[in-house]
file start.cif (mmCIF, C-alpha atoms)
data_model
#
loop_
_atom_site.label_atom_id
_atom_site.label_comp_id
_atom_site.auth_asym_id
_atom_site.auth_seq_id
_atom_site.Cartn_x
_atom_site.Cartn_y
_atom_site.Cartn_z
CA MET V 1 -11.35 -9.99 20.92
CA GLU V 2 -13.00 -9.73 17.50
CA ARG V 3 -15.09 -6.82 16.24
CA ASN V 4 -17.17 -7.38 13.09
CA PRO V 5 -14.74 -10.16 12.11
CA THR V 6 -16.71 -11.47 9.16
CA VAL V 7 -17.66 -8.30 7.30
CA ARG V 8 -18.72 -9.60 3.92
CA ARG V 9 -19.81 -8.02 0.69
CA PRO V 10 -23.25 -9.27 -0.40
CA ARG V 11 -23.22 -11.07 -3.71
CA VAL V 12 -23.55 -8.55 -6.50
CA THR V 13 -25.54 -10.34 -9.18
CA ALA V 14 -28.68 -8.29 -8.61
CA VAL V 15 -26.70 -5.12 -8.13
CA LEU V 16 -24.83 -5.58 -11.39
CA ALA V 17 -28.08 -6.25 -13.19
CA ALA V 18 -29.36 -2.89 -12.02
CA ALA V 19 -26.07 -1.35 -13.06
CA ALA V 20 -26.42 -2.75 -16.55
CA ALA V 21 -29.85 -1.17 -16.88
CA ALA V 22 -28.50 2.16 -15.69
CA ALA V 23 -25.51 1.95 -18.02
CA VAL V 24 -27.67 2.93 -21.02
CA VAL V 25 -28.25 6.31 -19.42
CA LEU V 26 -24.68 6.66 -18.16
CA MET V 27 -23.01 5.94 -21.49
CA THR V 28 -23.69 9.46 -22.77
CA GLY V 29 -20.46 11.41 -22.51
CA CYS V 30 -18.42 8.39 -21.32
CA SER V 31 -14.88 8.00 -22.60
CA SER V 32 -13.51 4.68 -23.74
CA ASP V 33 -10.56 4.45 -21.31
CA GLY V 34 -12.48 3.25 -18.25
CA ASP V 35 -12.85 6.69 -16.64
CA SER V 36 -16.61 6.31 -16.43
CA ILE V 37 -17.19 2.62 -15.88
CA THR V 38 -20.36 1.74 -14.05
CA ARG V 39 -19.73 0.77 -10.47
CA PRO V 40 -21.68 -1.73 -8.37
CA GLY V 41 -25.04 -0.17 -7.60
CA GLY V 42 -25.33 1.54 -10.97
CA ARG V 43 -23.30 4.65 -10.08
CA SER V 44 -20.61 5.94 -12.41
CA SER V 45 -17.16 6.48 -10.89
CA ALA V 46 -16.72 9.93 -9.41
CA PRO V 47 -13.39 11.62 -10.01
CA THR V 48 -13.20 13.46 -6.70
CA GLU V 49 -14.39 11.01 -4.05
CA PRO V 50 -13.55 9.84 -1.49
CA GLY V 51 -9.79 9.59 -1.02
CA GLY V 52 -9.55 13.02 0.47
CA GLY V 53 -11.03 15.66 -1.79
CA GLY V 54 -8.35 16.30 -4.40
CA SER V 55 -9.08 16.31 -8.11
CA SER V 56 -8.27 13.00 -9.76
CA SER V 57 -9.38 13.78 -13.30
CA GLY V 58 -5.84 13.25 -14.57
CA GLU V 59 -5.54 16.85 -15.76
CA PRO V 60 -3.38 19.16 -13.63
CA SER V 61 -5.03 22.35 -12.46
CA PRO V 62 -3.53 25.65 -13.64
CA THR V 63 -2.00 26.18 -10.20
CA GLU V 64 -0.26 22.80 -10.00
CA SER V 65 3.46 23.04 -10.69
CA ALA V 66 5.60 20.25 -12.05
CA ALA V 67 8.30 18.58 -10.02
CA PRO V 68 11.77 19.05 -11.55
CA ALA V 69 12.63 16.57 -14.27
CA LYS V 70 15.78 15.54 -12.40
CA GLY V 71 16.01 14.88 -8.69
CA SER V 72 18.64 13.73 -6.23
CA VAL V 73 19.04 11.34 -3.32
CA LYS V 74 21.58 11.55 -0.51
CA VAL V 75 21.88 8.93 2.21
CA GLU V 76 22.21 11.04 5.33
CA ARG V 77 22.76 8.16 7.73
CA THR V 78 21.96 4.59 8.63
CA LEU V 79 19.45 4.75 11.48
CA THR V 80 19.65 1.12 12.56
CA THR V 81 20.87 -2.29 11.36
CA LYS V 82 20.43 -6.00 12.08
CA LEU V 83 16.70 -6.08 11.44
CA ASN V 84 15.03 -9.42 10.78
CA SER V 85 12.75 -9.54 7.71
CA PRO V 86 11.43 -5.97 8.11
CA TRP V 87 8.18 -5.31 6.23
CA GLY V 88 5.76 -2.69 7.59
CA LEU V 89 7.05 0.76 8.54
CA ALA V 90 4.91 3.41 10.25
CA PRO V 91 5.94 6.72 11.84
CA LEU V 92 4.67 7.60 15.29
CA PRO V 93 3.73 11.16 16.26
CA GLY V 94 7.01 12.74 17.25
CA GLY V 95 9.03 10.95 14.58
CA ASP V 96 9.95 7.54 15.98
CA LEU V 97 9.21 4.52 13.80
CA LEU V 98 7.38 1.23 14.15
CA VAL V 99 8.68 -1.67 12.09
CA SER V 100 7.26 -5.18 11.74
CA SER V 101 9.27 -8.38 11.38
CA ARG V 102 7.51 -10.55 8.82
CA ASP V 103 8.99 -13.87 9.97
CA THR V 104 9.02 -13.43 13.78
CA GLY V 105 5.68 -11.60 14.15
CA LYS V 106 7.30 -8.94 16.35
CA ILE V 107 6.85 -5.17 16.27
CA PHE V 108 9.70 -2.84 17.25
CA LYS V 109 9.94 0.86 17.96
CA ILE V 110 13.01 2.55 16.49
CA SER V 111 14.19 5.84 17.95
CA ALA V 112 14.49 8.41 15.14
CA ASP V 113 17.38 10.02 17.00
CA SER V 114 19.52 7.14 18.20
CA GLY V 115 18.25 4.14 16.24
CA LYS V 116 17.66 2.25 19.49
CA LYS V 117 15.34 -0.74 19.04
CA THR V 118 12.63 -1.49 21.61
CA GLU V 119 10.46 -4.58 21.23
CA LEU V 120 6.80 -3.73 21.73
CA GLY V 121 5.60 -7.32 21.54
CA SER V 122 4.45 -10.06 19.17
CA VAL V 123 1.21 -10.32 17.23
CA PRO V 124 -0.42 -13.65 18.11
CA GLY V 125 -1.59 -15.93 15.32
CA VAL V 126 0.96 -14.91 12.69
CA SER V 127 1.74 -17.74 10.26
CA ALA V 128 4.97 -16.86 8.46
CA ALA V 129 5.45 -18.90 5.30
CA GLY V 130 6.31 -17.94 1.74
CA GLU V 131 5.45 -14.26 1.29
CA GLY V 132 3.09 -14.31 4.27
CA GLY V 133 3.61 -13.26 7.88
CA LEU V 134 3.40 -9.99 9.77
CA LEU V 135 3.17 -7.43 6.97
CA GLY V 136 1.84 -3.87 7.01
CA LEU V 137 1.55 -1.50 9.96
CA ALA V 138 -0.45 1.69 10.41
CA VAL V 139 -0.90 4.13 13.26
CA SER V 140 -4.40 5.41 13.99
CA SER V 141 -5.28 8.87 12.73
CA ASP V 142 -6.36 9.54 16.32
CA PHE V 143 -3.30 7.96 17.92
CA GLY V 144 -2.96 10.82 20.40
CA SER V 145 -6.22 9.76 22.04
CA ASP V 146 -6.69 6.06 21.22
CA HIS V 147 -3.02 4.82 21.00
CA MET V 148 -4.06 2.24 18.39
CA VAL V 149 -1.60 0.37 16.15
CA TYR V 150 -3.03 -1.60 13.20
CA ALA V 151 -1.38 -4.67 11.68
CA TYR V 152 -2.07 -6.76 8.56
CA PHE V 153 -0.90 -10.36 8.80
CA THR V 154 -1.24 -13.90 7.51
CA THR V 155 -2.81 -16.63 9.66
CA ASP V 156 -3.20 -20.34 8.99
CA SER V 157 -6.46 -19.62 7.14
CA ASP V 158 -6.46 -16.05 5.80
CA ASN V 159 -5.01 -12.56 5.86
CA ARG V 160 -6.58 -10.18 8.38
CA ILE V 161 -6.29 -6.81 10.07
CA VAL V 162 -6.15 -6.27 13.82
CA ARG V 163 -5.65 -3.28 16.07
CA MET V 164 -3.87 -3.15 19.41
CA VAL V 165 -3.45 -0.52 22.11
CA TYR V 166 0.19 0.55 22.45
CA ASP V 167 1.19 1.44 26.02
CA ALA V 168 4.76 2.75 26.18
CA LYS V 169 4.65 2.72 29.99
CA ARG V 170 4.53 -1.07 30.13
CA PRO V 171 7.73 -3.19 30.11
CA ALA V 172 9.48 -3.74 26.77
CA GLY V 173 8.09 -6.78 24.98
CA ASN V 174 4.71 -6.35 26.67
CA GLN V 175 3.55 -2.98 25.35
CA LEU V 176 0.83 -4.22 22.98
CA GLY V 177 -2.68 -4.98 24.18
CA ALA V 178 -4.76 -7.95 23.06
CA PRO V 179 -5.51 -7.76 19.31
CA ASP V 180 -8.99 -6.72 18.24
CA THR V 181 -9.75 -8.30 14.85
CA ILE V 182 -11.50 -5.68 12.73
CA PHE V 183 -11.40 -7.49 9.39
CA LYS V 184 -10.67 -11.01 8.18
CA GLY V 185 -11.31 -13.29 5.21
CA ILE V 186 -8.71 -11.84 2.83
CA PRO V 187 -7.39 -14.77 0.77
CA LYS V 188 -3.92 -16.05 1.68
CA GLY V 189 -1.35 -17.91 -0.36
CA ALA V 190 2.32 -18.75 -0.55
CA ILE V 191 2.57 -15.66 -2.76
CA HIS V 192 0.66 -12.42 -3.37
CA ASN V 193 -0.66 -11.62 0.10
CA GLY V 194 -0.59 -7.87 -0.46
CA GLY V 195 -0.27 -6.39 3.00
CA ARG V 196 0.17 -2.61 2.87
CA ILE V 197 -2.23 -0.65 5.08
CA ALA V 198 -2.46 3.10 5.60
CA PHE V 199 -4.85 5.72 6.90
CA GLY V 200 -5.87 8.23 4.25
CA PRO V 201 -6.48 11.97 4.57
CA ASP V 202 -10.12 11.06 5.16
CA LYS V 203 -9.15 9.03 8.28
CA MET V 204 -10.36 5.82 6.63
CA LEU V 205 -8.18 2.70 6.58
CA TYR V 206 -6.99 1.47 3.17
CA ALA V 207 -5.56 -2.00 2.53
CA GLY V 208 -3.82 -3.40 -0.55
CA THR V 209 -4.44 -7.10 -1.07
CA GLY V 210 -3.14 -9.75 -3.46
CA GLU V 211 -4.94 -12.46 -5.38
CA SER V 212 -2.92 -15.14 -3.51
CA GLY V 213 -1.87 -16.76 -6.79
CA ASP V 214 -5.49 -17.36 -7.83
CA ARG V 215 -5.70 -14.92 -10.75
CA GLY V 216 -9.48 -14.95 -11.06
CA LEU V 217 -10.01 -13.48 -7.59
CA ALA V 218 -8.88 -10.05 -8.79
CA GLN V 219 -12.04 -9.75 -10.93
CA ASP V 220 -14.32 -11.59 -8.48
CA MET V 221 -16.31 -8.92 -6.64
CA ASP V 222 -17.27 -11.48 -4.00
CA SER V 223 -13.62 -11.88 -3.00
CA PHE V 224 -11.38 -9.49 -1.08
CA GLY V 225 -8.34 -10.76 -3.02
CA GLY V 226 -6.68 -8.58 -5.65
CA LYS V 227 -8.34 -5.38 -4.42
CA ILE V 228 -7.78 -2.12 -2.65
CA LEU V 229 -10.12 -2.04 0.35
CA ARG V 230 -11.39 1.06 2.16
CA MET V 231 -12.95 0.74 5.58
CA THR V 232 -13.67 2.62 8.78
CA PRO V 233 -11.25 2.22 11.70
CA GLU V 234 -13.68 -0.43 12.99
CA GLY V 235 -13.56 -2.46 9.77
CA GLU V 236 -16.94 -1.46 8.31
CA PRO V 237 -17.47 -0.32 4.70
CA ALA V 238 -16.42 3.32 4.57
CA PRO V 239 -18.90 6.06 3.65
CA ARG V 240 -19.05 6.88 -0.08
CA ASN V 241 -17.44 3.63 -1.18
CA PRO V 242 -18.41 2.59 -4.74
CA ASP V 243 -20.84 0.08 -3.21
CA ALA V 244 -22.08 1.29 0.17
CA ARG V 245 -22.29 -2.30 1.43
CA SER V 246 -18.74 -3.23 0.49
CA VAL V 247 -15.19 -2.40 1.55
CA VAL V 248 -13.99 -2.89 -2.05
CA TYR V 249 -12.61 0.38 -3.39
CA SER V 250 -11.02 -0.88 -6.62
CA PRO V 251 -10.69 -4.34 -8.21
CA GLY V 252 -8.35 -5.84 -10.80
CA HIS V 253 -5.08 -5.85 -8.86
CA ARG V 254 -2.44 -8.58 -8.85
CA ASN V 255 -0.52 -7.72 -5.68
CA VAL V 256 -0.70 -4.23 -4.19
CA GLN V 257 2.22 -3.43 -1.88
CA GLY V 258 2.41 0.36 -1.82
CA LEU V 259 -0.14 3.08 -0.94
CA ALA V 260 0.46 6.84 -0.72
CA TRP V 261 -1.37 10.14 -1.15
CA ASP V 262 0.02 13.19 -2.91
CA ALA V 263 -0.33 16.83 -1.81
CA ASP V 264 -3.79 17.02 -3.42
CA LYS V 265 -4.98 13.85 -1.65
CA ARG V 266 -4.90 11.63 -4.72
CA LEU V 267 -4.28 7.96 -3.93
CA TRP V 268 -1.41 6.12 -5.66
CA ALA V 269 -0.59 2.41 -5.52
CA SER V 270 2.31 0.24 -6.66
CA GLU V 271 1.64 -3.22 -8.01
CA PHE V 272 3.59 -6.31 -9.00
CA GLY V 273 3.16 -7.42 -12.58
CA GLN V 274 3.79 -10.96 -13.75
CA ASP V 275 6.30 -11.32 -16.56
CA THR V 276 5.81 -8.06 -18.42
CA TRP V 277 4.94 -4.90 -16.49
CA ASP V 278 5.01 -3.65 -12.92
CA GLU V 279 2.76 -0.64 -12.35
CA LEU V 280 2.25 2.66 -10.57
CA ASN V 281 -1.48 3.43 -10.61
CA LEU V 282 -3.57 6.47 -9.79
CA ILE V 283 -6.43 4.93 -7.82
CA GLU V 284 -9.96 6.18 -8.34
CA PRO V 285 -13.02 4.62 -6.67
CA GLY V 286 -14.73 1.95 -8.70
CA LYS V 287 -12.17 1.81 -11.50
CA ASN V 288 -10.99 -1.63 -12.60
CA TYR V 289 -7.21 -2.01 -12.90
CA GLY V 290 -7.35 -4.95 -15.23
CA TRP V 291 -5.58 -7.97 -13.80
CA PRO V 292 -5.58 -10.66 -15.12
CA GLU V 293 -7.24 -9.40 -18.30
CA VAL V 294 -4.52 -6.80 -18.93
CA GLU V 295 -1.06 -6.01 -17.61
CA GLY V 296 0.51 -2.58 -17.99
CA LYS V 297 -0.65 0.05 -20.48
CA ALA V 298 -3.10 -1.87 -22.64
CA GLY V 299 -5.53 0.90 -23.62
CA LYS V 300 -8.37 -1.56 -23.26
CA LYS V 301 -11.87 -0.22 -22.73
CA GLY V 302 -13.18 -0.70 -19.20
CA PHE V 303 -9.74 -0.91 -17.57
CA ALA V 304 -7.55 1.82 -16.12
CA ASP V 305 -3.99 2.09 -17.42
CA PRO V 306 -1.11 2.76 -15.03
CA LEU V 307 0.68 6.09 -14.99
CA GLU V 308 4.04 4.34 -15.33
CA GLN V 309 5.24 0.80 -15.92
CA TRP V 310 8.51 -1.09 -15.50
CA ARG V 311 9.98 -4.44 -16.38
CA PRO V 312 9.92 -6.63 -13.24
CA LYS V 313 13.71 -7.00 -13.28
CA ASP V 314 13.98 -3.24 -12.84
CA ALA V 315 11.35 -2.80 -10.15
CA SER V 316 9.16 -5.46 -8.48
CA PRO V 317 7.81 -2.57 -6.41
CA SER V 318 6.85 -2.54 -2.78
CA GLY V 319 6.34 0.57 -0.65
CA ILE V 320 5.79 4.09 -2.01
CA ALA V 321 5.79 7.58 -0.51
CA PHE V 322 5.15 11.13 -1.69
CA ALA V 323 7.78 13.82 -1.09
CA LYS V 324 9.04 16.94 -2.89
CA GLY V 325 6.42 16.66 -5.63
CA SER V 326 7.30 13.08 -6.59
CA ILE V 327 6.27 9.53 -5.84
CA TRP V 328 9.20 7.48 -4.50
CA MET V 329 8.94 3.73 -5.07
CA ALA V 330 11.07 1.02 -3.45
CA GLY V 331 12.14 -1.85 -5.71
CA LEU V 332 12.78 -5.39 -4.49
CA ARG V 333 14.13 -7.34 -7.45
CA GLY V 334 15.18 -4.05 -9.05
CA GLU V 335 17.22 -3.11 -5.94
CA ARG V 336 16.70 0.59 -6.52
CA LEU V 337 14.59 3.57 -5.50
CA TRP V 338 12.50 5.07 -8.27
CA ARG V 339 11.48 8.73 -8.42
CA ILE V 340 8.36 9.54 -10.46
CA PRO V 341 8.01 13.35 -10.75
CA LEU V 342 4.43 14.58 -10.96
CA LYS V 343 2.51 17.49 -12.37
CA GLY V 344 -0.89 17.00 -10.84
CA ALA V 345 -2.02 13.49 -11.77
CA LYS V 346 0.36 13.28 -14.74
CA ALA V 347 4.03 12.41 -14.98
CA ALA V 348 6.19 15.55 -15.22
CA ALA V 349 9.16 13.62 -16.64
CA LYS V 350 10.47 10.10 -17.02
CA PRO V 351 11.10 8.05 -13.85
CA GLN V 352 14.62 8.26 -12.44
CA SER V 353 16.36 5.56 -10.39
CA PHE V 354 18.74 5.88 -7.43
CA LEU V 355 20.80 3.60 -5.18
CA ASP V 356 20.92 0.97 -7.93
CA GLY V 357 22.17 -2.24 -6.29
CA LYS V 358 23.90 -0.39 -3.46
CA TYR V 359 21.74 -1.67 -0.59
CA GLY V 360 20.10 -4.70 -2.15
CA ARG V 361 16.36 -5.24 -2.05
CA LEU V 362 14.30 -2.24 -0.93
CA ARG V 363 10.97 -2.81 0.82
CA SER V 364 9.32 0.16 2.55
CA VAL V 365 9.60 3.92 2.18
CA VAL V 366 7.79 6.60 4.20
CA ALA V 367 7.98 10.38 4.15
CA THR V 368 9.36 12.39 7.06
CA ASP V 369 7.80 15.59 8.36
CA ASP V 370 10.59 17.69 6.82
CA GLY V 371 10.33 16.26 3.31
CA GLY V 372 12.89 13.46 3.57
CA LEU V 373 12.41 9.70 3.47
CA TRP V 374 12.92 6.64 5.63
CA LEU V 375 13.83 3.55 3.60
CA THR V 376 14.11 -0.10 4.67
CA THR V 377 16.02 -2.87 2.95
CA SER V 378 14.72 -6.43 2.55
CA ASN V 379 17.69 -8.77 2.23
CA THR V 380 16.65 -11.25 4.95
CA ASP V 381 13.33 -12.14 3.31
CA GLY V 382 14.70 -15.33 1.76
CA ARG V 383 15.37 -13.73 -1.62
CA GLY V 384 18.35 -11.55 -0.82
CA LYS V 385 21.70 -12.20 -2.47
CA PRO V 386 24.41 -14.12 -0.60
CA GLY V 387 26.51 -11.70 1.40
CA ARG V 388 23.57 -9.38 2.07
CA GLU V 389 22.37 -10.81 5.35
CA ASP V 390 21.65 -7.51 7.05
CA ASP V 391 18.63 -5.25 6.92
CA ARG V 392 18.61 -1.62 7.90
CA ILE V 393 16.69 1.65 7.91
CA LEU V 394 18.22 4.57 6.01
CA ARG V 395 17.48 8.25 6.32
CA LEU V 396 17.42 9.98 2.90
CA GLU V 397 17.54 13.58 1.82
CA VAL V 398 15.68 13.89 -1.48
CA ARG V 399 15.06 16.62 -4.01
#

call {"tool": "encode", "arguments": {"input": "start.cif", "output": "structure tokens"}}
result
Amino acid sequence: MERNPTVRRPRVTAVLAAAAAAAVVLMTGCSSDGDSITRPGGRSSAPTEPGGGGSSSGEPSPTESAAPAKGSVKVERTLTTKLNSPWGLAPLPGGDLLVSSRDTGKIFKISADSGKKTELGSVPGVSAAGEGGLLGLAVSSDFGSDHMVYAYFTTDSDNRIVRMVYDAKRPAGNQLGAPDTIFKGIPKGAIHNGGRIAFGPDKMLYAGTGESGDRGLAQDMDSFGGKILRMTPEGEPAPRNPDARSVVYSPGHRNVQGLAWDADKRLWASEFGQDTWDELNLIEPGKNYGWPEVEGKAGKKGFADPLEQWRPKDASPSGIAFAKGSIWMAGLRGERLWRIPLKGAKAAAKPQSFLDGKYGRLRSVVATDDGGLWLTTSNTDGRGKPGREDDRILRLEVR
């Protein structure tokens, strides 16, 4: 079944013309760092909407405390092993986990107590090749009543998002209902398929996409590639988006693979750079994050700089989570977990790395209800080192 499967953003030529006319008025008081760029429709970017209500001005409020400069990580236990190309990771109410297998198209439930794996079923239509396949997972904000599981995956023609009813009472392997396509038409490629999806504090669905190797798509407002998208659970443009007719929340991304919200409901995203800088960005509606015009902290007018940046050999970031006042970022090529302590929307201290090389490539990280983390490895994705042919989920205690 498909619901609104071809939601499209109208071409923006006329809209941008109106925006240009309005820009003369809006320029008064605008800074030169991209904080007040004109958004489609002629509206300047608002610092407080709509990711959940927290201030995103970049300045910490007087009541916001800084995370400690130094943190710690302790591996409490290995929850489960022998996973095949794990990618998406989503907690269920009650603490159990859902994990997707990129290459097989299967979704598994992992018991948070015993680590027991139960196959829910396969997502039909998954085309696993290169960096594509079954990628991100998300559980509905209203899971208690609708039992919906959302999945982002690559097909033969595009990347798309579907939702399925999860019925735990049905036999293992047959617990997922028929997929309902809520959004399609995201460009696909052998590389840069994005894939992270998550429900925000506002109960809207966010999706990080890649430019599929076609660099120009990131700045093309008629393409869903190289963007962060924000939509309703049905796949429609979410209320208070920068352009009311569009799901595009922010452009100028190369390959977004991590999304997380801090305690004040600010949205953060991790992003692959090319040869120079990987990024952690504070995402604000309508801001342009620069790719391919800039990479890393360029200080160029009209583009938003990242909060932090890394050399790709030290990061190549994927999933991120917020816990204990810090953003925690999993590194693939870097084979380490980065801690970025925050004071409001600023860095409280320099990033700190943990688990360097100990578990190989790290893919997904999610926060637990008690302030810990779940972390997945990614050594069976075709890029793991010889001798690391096992993927697992780790339970971490962090400070």

call {"tool": "atom_distance", "arguments": {"input": "start.cif", "atom1": "CA of Tyr249 (chain V)", "atom2": "CA of Gly132 (chain V)"}}
result
22.8 Å

call {"tool": "residues_around", "arguments": {"input": "start.cif", "residues": "region 175-181 of chain V", "least_positions_apart": "2", "cutoff": "12 Å", "atoms": "all atoms listed in the file", "output": "ChimeraX atom specification"}}
result
/V:1-7,106-109,118-126,147-153,159-173,183-185,233-236

call {"tool": "resolve_selection", "arguments": {"input": "start.cif", "expression": "the PyMOL selection byres ((chain V and resi 224) around 6)", "output": "list in words"}}
result
Ile186, Ser223 and Gly225 of chain V

call {"tool": "closest_residue", "arguments": {"input": "start.cif", "among": "V:Ile283, V:Trp277, V:Arg266, V:Asn174", "to": "Lys227 (chain V)", "atoms": "all atoms listed in the file"}}
result
V:Ile283

call {"tool": "closest_residue", "arguments": {"input": "start.cif", "among": "V:Thr78, V:Ser114, V:Asn193, V:Ser378", "to": "Ala128 (chain V)", "atoms": "only C-alpha atoms"}}
result
V:Asn193

call {"tool": "atom_distance", "arguments": {"input": "start.cif", "atom1": "CA of Val256 (chain V)", "atom2": "CA of Pro187 (chain V)"}}
result
13.4 Å

call {"tool": "residues_around", "arguments": {"input": "start.cif", "residues": "Ala260 (chain V)", "least_positions_apart": "6", "cutoff": "6 Å", "atoms": "all atoms listed in the file", "output": "PyMOL selection string"}}
result
chain V and resi 267-268+321

call {"tool": "write_last_selection", "arguments": {"input": "start.cif", "atoms": "C-alpha atoms", "output": "JSON list (two decimals), keeping the file's coordinate frame"}}
result
[["chain", "number", "residue", "atom", "x", "y", "z"],
["V", 267, "LEU", "CA", -4.28, 7.96, -3.93],
["V", 268, "TRP", "CA", -1.41, 6.12, -5.66],
["V", 321, "ALA", "CA", 5.79, 7.58, -0.51]]

call {"tool": "atom_distance", "arguments": {"input": "start.cif", "atom1": "CA of Lys343 (chain V)", "atom2": "CA of Asp262 (chain V)"}}
result
10.7 Å

call {"tool": "resolve_selection", "arguments": {"input": "start.cif", "expression": "the PyMOL selection byres ((chain V and resi 355-369) around 7)", "output": "list in words"}}
result
Trp87, Gly88, Leu89, Ser318, Gly319, Ile320, Ala321, Phe322, Ala323, Ala330, Gly331, Leu332, Arg333, Glu335, Arg336, Leu337, Ser353, Phe354, Asp370, Gly371, Gly372, Leu373, Trp374, Leu375, Thr376, Thr377, Ser378, Asn379 and Gly384 of chain V

call {"tool": "residues_around", "arguments": {"input": "start.cif", "residues": "region 62-77 of chain V", "least_positions_apart": "3", "cutoff": "9 Å", "atoms": "all atoms listed in the file", "output": "PyMOL selection string"}}
result
chain V and resi 324-326+339+341-344+347-352+354-355+393-399

call {"tool": "closest_residue", "arguments": {"input": "start.cif", "among": "V:Leu259, V:Lys116, V:Trp310, V:Ser246", "to": "Thr81 (chain V)", "atoms": "only C-alpha atoms"}}
result
V:Lys116

call {"tool": "residues_around", "arguments": {"input": "start.cif", "residues": "Gly213 (chain V)", "least_positions_apart": "3", "cutoff": "9 Å", "atoms": "all atoms listed in the file", "output": "list of chain:residue names"}}
result
V:Lys188, V:Gly189, V:Ala190, V:Ile191, V:His192, V:Asn193, V:Gly210, V:Gly216, V:Leu217, V:Arg254

call {"tool": "write_last_selection", "arguments": {"input": "start.cif", "atoms": "C-alpha atoms", "output": "compact mmCIF listing (two decimals), in the coordinates of the input"}}
result
# COMPACT_ATOMS: atom_id res chain seq x y z
CA LYS V 188 -3.92 -16.05 1.68
CA GLY V 189 -1.35 -17.91 -0.36
CA ALA V 190 2.32 -18.75 -0.55
CA ILE V 191 2.57 -15.66 -2.76
CA HIS V 192 0.66 -12.42 -3.37
CA ASN V 193 -0.66 -11.62 0.10
CA GLY V 210 -3.14 -9.75 -3.46
CA GLY V 216 -9.48 -14.95 -11.06
CA LEU V 217 -10.01 -13.48 -7.59
CA ARG V 254 -2.44 -8.58 -8.85

call {"tool": "resolve_selection", "arguments": {"input": "start.cif", "expression": "the PyMOL selection byres ((chain V and resi 242) around 6)", "output": "list of chain:residue names"}}
result
V:Asn241, V:Asp243, V:Gly286

call {"tool": "residues_around", "arguments": {"input": "start.cif", "residues": "Pro292 (chain V)", "least_positions_apart": "5", "cutoff": "10 Å", "atoms": "all atoms listed in the file", "output": "MDAnalysis selection string"}}
result
chainID V and resid 211 214:219 226 252:254 273:274

call {"tool": "axis_aligned_box", "arguments": {"input": "start.cif", "around": "region 94-105 of chain V", "padding_each_side": "8 Å", "output": "lines of an AutoDock Vina configuration file"}}
result
center_x = 7.8
center_y = -0.6
center_z = 13.0
size_x = 20.3
size_y = 42.6
size_z = 24.4

call {"tool": "build_atoms", "arguments": {"input": "start.cif", "residues": "region 272-283 of chain V", "atoms": "N, CA and C atoms", "output": "PDB file, keeping the file's coordinate frame"}}
result
ATOM      1  N   PHE V 272       2.785  -5.323  -8.299  1.00  0.00           N
ATOM      2  CA  PHE V 272       3.590  -6.310  -9.000  1.00  0.00           C
ATOM      3  C   PHE V 272       2.902  -6.767 -10.275  1.00  0.00           C
ATOM      4  N   GLY V 273       3.624  -6.750 -11.375  1.00  0.00           N
ATOM      5  CA  GLY V 273       3.160  -7.420 -12.580  1.00  0.00           C
ATOM      6  C   GLY V 273       3.581  -8.878 -12.561  1.00  0.00           C
ATOM      7  N   GLN V 274       3.376  -9.556 -13.668  1.00  0.00           N
ATOM      8  CA  GLN V 274       3.790 -10.960 -13.750  1.00  0.00           C
ATOM      9  C   GLN V 274       5.117 -11.057 -14.490  1.00  0.00           C
ATOM     10  N   ASP V 275       5.073 -11.182 -15.788  1.00  0.00           N
ATOM     11  CA  ASP V 275       6.300 -11.320 -16.560  1.00  0.00           C
ATOM     12  C   ASP V 275       6.616 -10.077 -17.379  1.00  0.00           C
ATOM     13  N   THR V 276       5.665  -9.142 -17.452  1.00  0.00           N
ATOM     14  CA  THR V 276       5.810  -8.060 -18.420  1.00  0.00           C
ATOM     15  C   THR V 276       5.949  -6.695 -17.777  1.00  0.00           C
ATOM     16  N   TRP V 277       4.944  -6.271 -16.990  1.00  0.00           N
ATOM     17  CA  TRP V 277       4.940  -4.900 -16.490  1.00  0.00           C
ATOM     18  C   TRP V 277       4.549  -4.812 -15.025  1.00  0.00           C
ATOM     19  N   ASP V 278       5.395  -4.156 -14.225  1.00  0.00           N
ATOM     20  CA  ASP V 278       5.010  -3.650 -12.920  1.00  0.00           C
ATOM     21  C   ASP V 278       4.358  -2.282 -13.125  1.00  0.00           C
ATOM     22  N   GLU V 279       3.578  -1.835 -12.120  1.00  0.00           N
ATOM     23  CA  GLU V 279       2.760  -0.640 -12.350  1.00  0.00           C
ATOM     24  C   GLU V 279       2.784   0.339 -11.178  1.00  0.00           C
ATOM     25  N   LEU V 280       2.642   1.625 -11.525  1.00  0.00           N
ATOM     26  CA  LEU V 280       2.250   2.660 -10.570  1.00  0.00           C
ATOM     27  C   LEU V 280       0.914   3.192 -11.065  1.00  0.00           C
ATOM     28  N   ASN V 281      -0.117   3.065 -10.224  1.00  0.00           N
ATOM     29  CA  ASN V 281      -1.480   3.430 -10.610  1.00  0.00           C
ATOM     30  C   ASN V 281      -2.004   4.597  -9.788  1.00  0.00           C
ATOM     31  N   LEU V 282      -2.735   5.493 -10.457  1.00  0.00           N
ATOM     32  CA  LEU V 282      -3.570   6.470  -9.790  1.00  0.00           C
ATOM     33  C   LEU V 282      -4.894   5.782  -9.496  1.00  0.00           C
ATOM     34  N   ILE V 283      -5.259   5.704  -8.216  1.00  0.00           N
ATOM     35  CA  ILE V 283      -6.430   4.930  -7.820  1.00  0.00           C
ATOM     36  C   ILE V 283      -7.648   5.834  -7.688  1.00  0.00           C
TER      37      ILE V 283
END
